[in-house]
Amino acid sequence: MASLEQRIQVLEDKDAIRELTAQYCYAVVAKDSAALINMFTEDGVFDMSPQMHFEGRAQLTELYTDKIAEVAPKPFIQNHVIQVNGDKATGNCAVEIRLVDDGKAVTACGHYDDTYQRVGGQWKFARRDFKLYHWVPLAEGWANSN
């Protein structure tokens, strides 16, 4: 059984990771590309296969400057599950997104499969894999999107 100190550290790590994903959402809304890029490791990955794949600082900069401006997303994270193993962690969380796509209000949802890495005492995304459930005009709804 882990010591009390080890158990507390895991709880603190999980809380820091939850805050990372919350800060991510706020930075997306603010279109704060510098903050978003700094939330990733140097070789960080954002993947939404097969549509998009961004790897490393240069490509993440493209995602969080050009692409984010196109759709103005408003993400909402919930249902976090996190496993911590020292300076690495994995987890997933559900996401609902409101955005504008081609001038239309759109609703989207899915989940992130995340890999985290502690760098310089801070948790960062090493990889975010976005699994999309639906991306549909709000007026249509998602009933027939599956």
# chains A, B, ... in the order shown; residues from 1 in each chain; ligands from 1
call {"tool": "residues_around", "arguments": {"residues": "Glu96 of chain A", "least_positions_apart": "6", "cutoff": "12 Å", "atoms": "only C-alpha atoms", "output": "PyMOL selection string"}}
result
chain A and resi 25+73-79+106-112+130-135
call {"tool": "closest_atom_pairs", "arguments": {"of": "segment 109-143 of chain A", "to": "segment 84-90 of chain A", "cutoff": "9 Å", "atoms": "only C-alpha atoms", "output": "Markdown table"}}
result
| residue | atom | partner | partner_atom | distance |
| --- | --- | --- | --- | --- |
| A:Asp113 | CA | A:Thr90 | CA | 7.6 |
| A:Asp114 | CA | A:Thr90 | CA | 5.6 |
| A:Thr115 | CA | A:Thr90 | CA | 4.5 |
| A:Tyr116 | CA | A:Ala89 | CA | 5.0 |
| A:Gln117 | CA | A:Lys88 | CA | 4.7 |
| A:Arg118 | CA | A:Asp87 | CA | 4.9 |
| A:Val119 | CA | A:Asp87 | CA | 8.0 |
| A:Gly121 | CA | A:Asp87 | CA | 8.9 |
| A:Trp123 | CA | A:Asp87 | CA | 8.3 |
call {"tool": "write_last_selection", "arguments": {"atoms": "N, CA and C atoms", "output": "short mmCIF file (atom, residue, chain, number, x, y, z; two decimals), in the first residue's frame"}}
result
data_model
loop_
_atom_site.label_atom_id
_atom_site.label_comp_id
_atom_site.auth_asym_id
_atom_site.auth_seq_id
_atom_site.Cartn_x
_atom_site.Cartn_y
_atom_site.Cartn_z
N ASP A 113 -8.57 11.49 -25.22
CA ASP A 113 -7.67 10.53 -24.59
C ASP A 113 -6.35 11.27 -24.47
N ASP A 114 -5.95 11.54 -23.24
CA ASP A 114 -4.78 12.38 -23.00
C ASP A 114 -3.61 11.60 -22.40
N THR A 115 -2.42 12.05 -22.75
CA THR A 115 -1.19 11.62 -22.10
C THR A 115 -0.55 12.88 -21.56
N TYR A 116 -0.18 12.84 -20.29
CA TYR A 116 0.39 14.01 -19.60
C TYR A 116 1.83 13.71 -19.18
N GLN A 117 2.61 14.76 -19.07
CA GLN A 117 4.00 14.64 -18.62
C GLN A 117 4.29 15.80 -17.68
N ARG A 118 4.93 15.51 -16.56
CA ARG A 118 5.36 16.58 -15.66
C ARG A 118 6.69 17.11 -16.18
N VAL A 119 6.73 18.41 -16.47
CA VAL A 119 7.93 19.06 -17.01
C VAL A 119 8.22 20.27 -16.12
N GLY A 121 8.19 20.53 -13.02
CA GLY A 121 7.24 20.63 -11.92
C GLY A 121 5.80 20.93 -12.34
N TRP A 123 2.43 19.98 -14.93
CA TRP A 123 1.83 19.00 -15.82
C TRP A 123 1.53 19.65 -17.16
#
call {"tool": "select_by_dssp", "arguments": {"residues": "chain A", "states": "strand (DSSP E or B)", "output": "ChimeraX atom specification"}}
result
/A:40-48,52-55,74-85,88-101,104-119,122-137
call {"tool": "residues_around", "arguments": {"residues": "Ala105 of chain A", "least_positions_apart": "5", "cutoff": "9 Å", "atoms": "only C-alpha atoms", "output": "PDB file with C-alpha atoms, in the first residue's frame"}}
result
ATOM      1  CA  ARG A  98     -20.189  25.107 -29.113  1.00  0.00           C
ATOM      2  CA  LEU A  99     -18.709  26.800 -32.152  1.00  0.00           C
ATOM      3  CA  VAL A 100     -19.367  28.637 -35.379  1.00  0.00           C
ATOM      4  CA  VAL A 136     -23.626  19.060 -36.501  1.00  0.00           C
ATOM      5  CA  PRO A 137     -25.474  22.344 -37.026  1.00  0.00           C
ATOM      6  CA  LEU A 138     -27.307  23.203 -33.821  1.00  0.00           C
ATOM      7  CA  ALA A 139     -30.575  23.648 -35.739  1.00  0.00           C
TER       8      ALA A 139
END
call {"tool": "closest_atom_pairs", "arguments": {"of": "segment 56-92 of chain A", "to": "segment 36-41 of chain A", "cutoff": "12 Å", "atoms": "only C-alpha atoms", "output": "tab-separated table"}}
result
residue	atom	partner	partner_atom	distance
A:Gly56	CA	A:Thr41	CA	8.1
A:Arg57	CA	A:Ile37	CA	6.9
A:Ala58	CA	A:Ile37	CA	9.4
A:Gln59	CA	A:Ile37	CA	9.8
A:Leu60	CA	A:Ile37	CA	6.4
A:Thr61	CA	A:Ile37	CA	6.6
A:Glu62	CA	A:Ile37	CA	10.0
A:Leu63	CA	A:Ile37	CA	9.3
A:Tyr64	CA	A:Leu36	CA	6.9
A:Thr65	CA	A:Leu36	CA	9.6
A:Ile68	CA	A:Leu36	CA	10.8
A:Lys88	CA	A:Thr41	CA	11.9
call {"tool": "write_last_selection", "arguments": {"atoms": "all heavy atoms", "output": "short mmCIF file (atom, residue, chain, number, x, y, z; two decimals), in the first residue's frame"}}
result
data_model
loop_
_atom_site.label_atom_id
_atom_site.label_comp_id
_atom_site.auth_asym_id
_atom_site.auth_seq_id
_atom_site.Cartn_x
_atom_site.Cartn_y
_atom_site.Cartn_z
N GLY A 56 4.39 18.88 -32.50
CA GLY A 56 5.48 19.83 -32.27
C GLY A 56 5.00 21.26 -32.23
O GLY A 56 3.87 21.58 -32.61
N ARG A 57 5.87 22.14 -31.76
CA ARG A 57 5.52 23.55 -31.53
C ARG A 57 5.05 24.27 -32.79
O ARG A 57 4.08 25.02 -32.75
CB ARG A 57 6.70 24.31 -30.92
CG ARG A 57 7.06 23.88 -29.51
CD ARG A 57 6.01 24.34 -28.55
NE ARG A 57 6.14 23.70 -27.27
CZ ARG A 57 5.99 24.31 -26.12
NH1 ARG A 57 5.72 25.58 -26.08
NH2 ARG A 57 6.10 23.63 -25.00
N ALA A 58 5.69 24.06 -33.91
CA ALA A 58 5.32 24.78 -35.13
C ALA A 58 3.91 24.42 -35.57
O ALA A 58 3.09 25.30 -35.87
CB ALA A 58 6.31 24.50 -36.25
N GLN A 59 3.59 23.14 -35.58
CA GLN A 59 2.25 22.72 -36.00
C GLN A 59 1.19 23.09 -34.96
O GLN A 59 0.07 23.45 -35.32
CB GLN A 59 2.23 21.23 -36.31
CG GLN A 59 3.01 20.89 -37.56
CD GLN A 59 2.93 19.41 -37.91
OE1 GLN A 59 2.21 18.63 -37.30
NE2 GLN A 59 3.70 19.02 -38.91
N LEU A 60 1.53 22.99 -33.68
CA LEU A 60 0.58 23.40 -32.64
C LEU A 60 0.30 24.90 -32.73
O LEU A 60 -0.82 25.34 -32.49
CB LEU A 60 1.10 23.02 -31.25
CG LEU A 60 1.07 21.53 -30.93
CD1 LEU A 60 1.81 21.26 -29.62
CD2 LEU A 60 -0.34 21.00 -30.88
N THR A 61 1.30 25.67 -33.12
CA THR A 61 1.10 27.10 -33.31
C THR A 61 0.09 27.35 -34.43
O THR A 61 -0.79 28.20 -34.31
CB THR A 61 2.44 27.81 -33.61
OG1 THR A 61 3.31 27.62 -32.49
CG2 THR A 61 2.26 29.29 -33.87
N GLU A 62 0.19 26.58 -35.51
CA GLU A 62 -0.79 26.69 -36.59
C GLU A 62 -2.20 26.38 -36.08
O GLU A 62 -3.15 27.11 -36.36
CB GLU A 62 -0.43 25.73 -37.72
CG GLU A 62 -1.45 25.69 -38.84
CD GLU A 62 -1.20 24.57 -39.85
OE1 GLU A 62 -0.12 23.96 -39.83
OE2 GLU A 62 -2.12 24.32 -40.65
N LEU A 63 -2.33 25.30 -35.32
CA LEU A 63 -3.63 24.91 -34.78
C LEU A 63 -4.21 26.00 -33.89
O LEU A 63 -5.37 26.38 -34.03
CB LEU A 63 -3.50 23.60 -33.99
CG LEU A 63 -4.73 23.18 -33.17
CD1 LEU A 63 -5.92 22.89 -34.08
CD2 LEU A 63 -4.40 21.97 -32.31
N TYR A 64 -3.41 26.50 -32.97
CA TYR A 64 -3.92 27.40 -31.95
C TYR A 64 -3.85 28.87 -32.33
O TYR A 64 -4.15 29.73 -31.51
CB TYR A 64 -3.24 27.12 -30.61
CG TYR A 64 -3.64 25.78 -30.06
CD1 TYR A 64 -2.72 24.75 -29.89
CD2 TYR A 64 -4.97 25.52 -29.75
CE1 TYR A 64 -3.10 23.52 -29.41
CE2 TYR A 64 -5.36 24.28 -29.27
CZ TYR A 64 -4.42 23.29 -29.10
OH TYR A 64 -4.81 22.06 -28.62
N THR A 65 -3.49 29.16 -33.57
CA THR A 65 -3.62 30.53 -34.07
C THR A 65 -4.59 30.57 -35.24
O THR A 65 -5.66 31.15 -35.14
CB THR A 65 -2.25 31.13 -34.47
OG1 THR A 65 -1.60 30.27 -35.38
CG2 THR A 65 -1.37 31.37 -33.26
N ILE A 68 -8.01 27.83 -34.80
CA ILE A 68 -8.92 28.19 -33.71
C ILE A 68 -9.72 29.46 -34.06
O ILE A 68 -10.88 29.59 -33.68
CB ILE A 68 -8.15 28.36 -32.39
CG1 ILE A 68 -9.08 28.16 -31.21
CG2 ILE A 68 -7.45 29.68 -32.29
CD1 ILE A 68 -8.34 28.04 -29.89
N LYS A 88 4.40 10.78 -15.22
CA LYS A 88 3.57 10.55 -16.41
C LYS A 88 2.17 10.23 -15.92
O LYS A 88 1.97 9.70 -14.83
CB LYS A 88 4.12 9.41 -17.25
CG LYS A 88 5.49 9.70 -17.84
CD LYS A 88 5.97 8.54 -18.69
CE LYS A 88 7.39 8.80 -19.17
NZ LYS A 88 7.47 9.30 -20.49
#
call {"tool": "atom_distance", "arguments": {"atom1": "atom CA of Ala126 of chain A", "atom2": "atom CA of Phe46 of chain A"}}
result
8.7 Å
call {"tool": "atom_distance", "arguments": {"atom1": "atom CA of Lys14 of chain A", "atom2": "atom CA of Gly91 of chain A"}}
result
9.6 Å
call {"tool": "select_by_dssp", "arguments": {"residues": "chain A", "states": "helix (DSSP H, G or I)", "output": "MDAnalysis selection string"}}
result
chainID A and resid 4:30 33:38 56:71
call {"tool": "closest_residue", "arguments": {"among": "A:Val71, A:Lys31, A:Lys124, A:Gln9", "to": "Val45 of chain A", "atoms": "only C-alpha atoms"}}
result
A:Lys124
call {"tool": "closest_residue", "arguments": {"among": "A:Lys104, A:Trp142, A:Ile97, A:Asn92", "to": "Arg18 of chain A", "atoms": "only C-alpha atoms"}}
result
A:Asn92
call {"tool": "closest_residue", "arguments": {"among": "A:Ile82, A:Phe125, A:Ala34, A:Asn144", "to": "Val10 of chain A", "atoms": "only C-alpha atoms"}}
result
A:Ile82
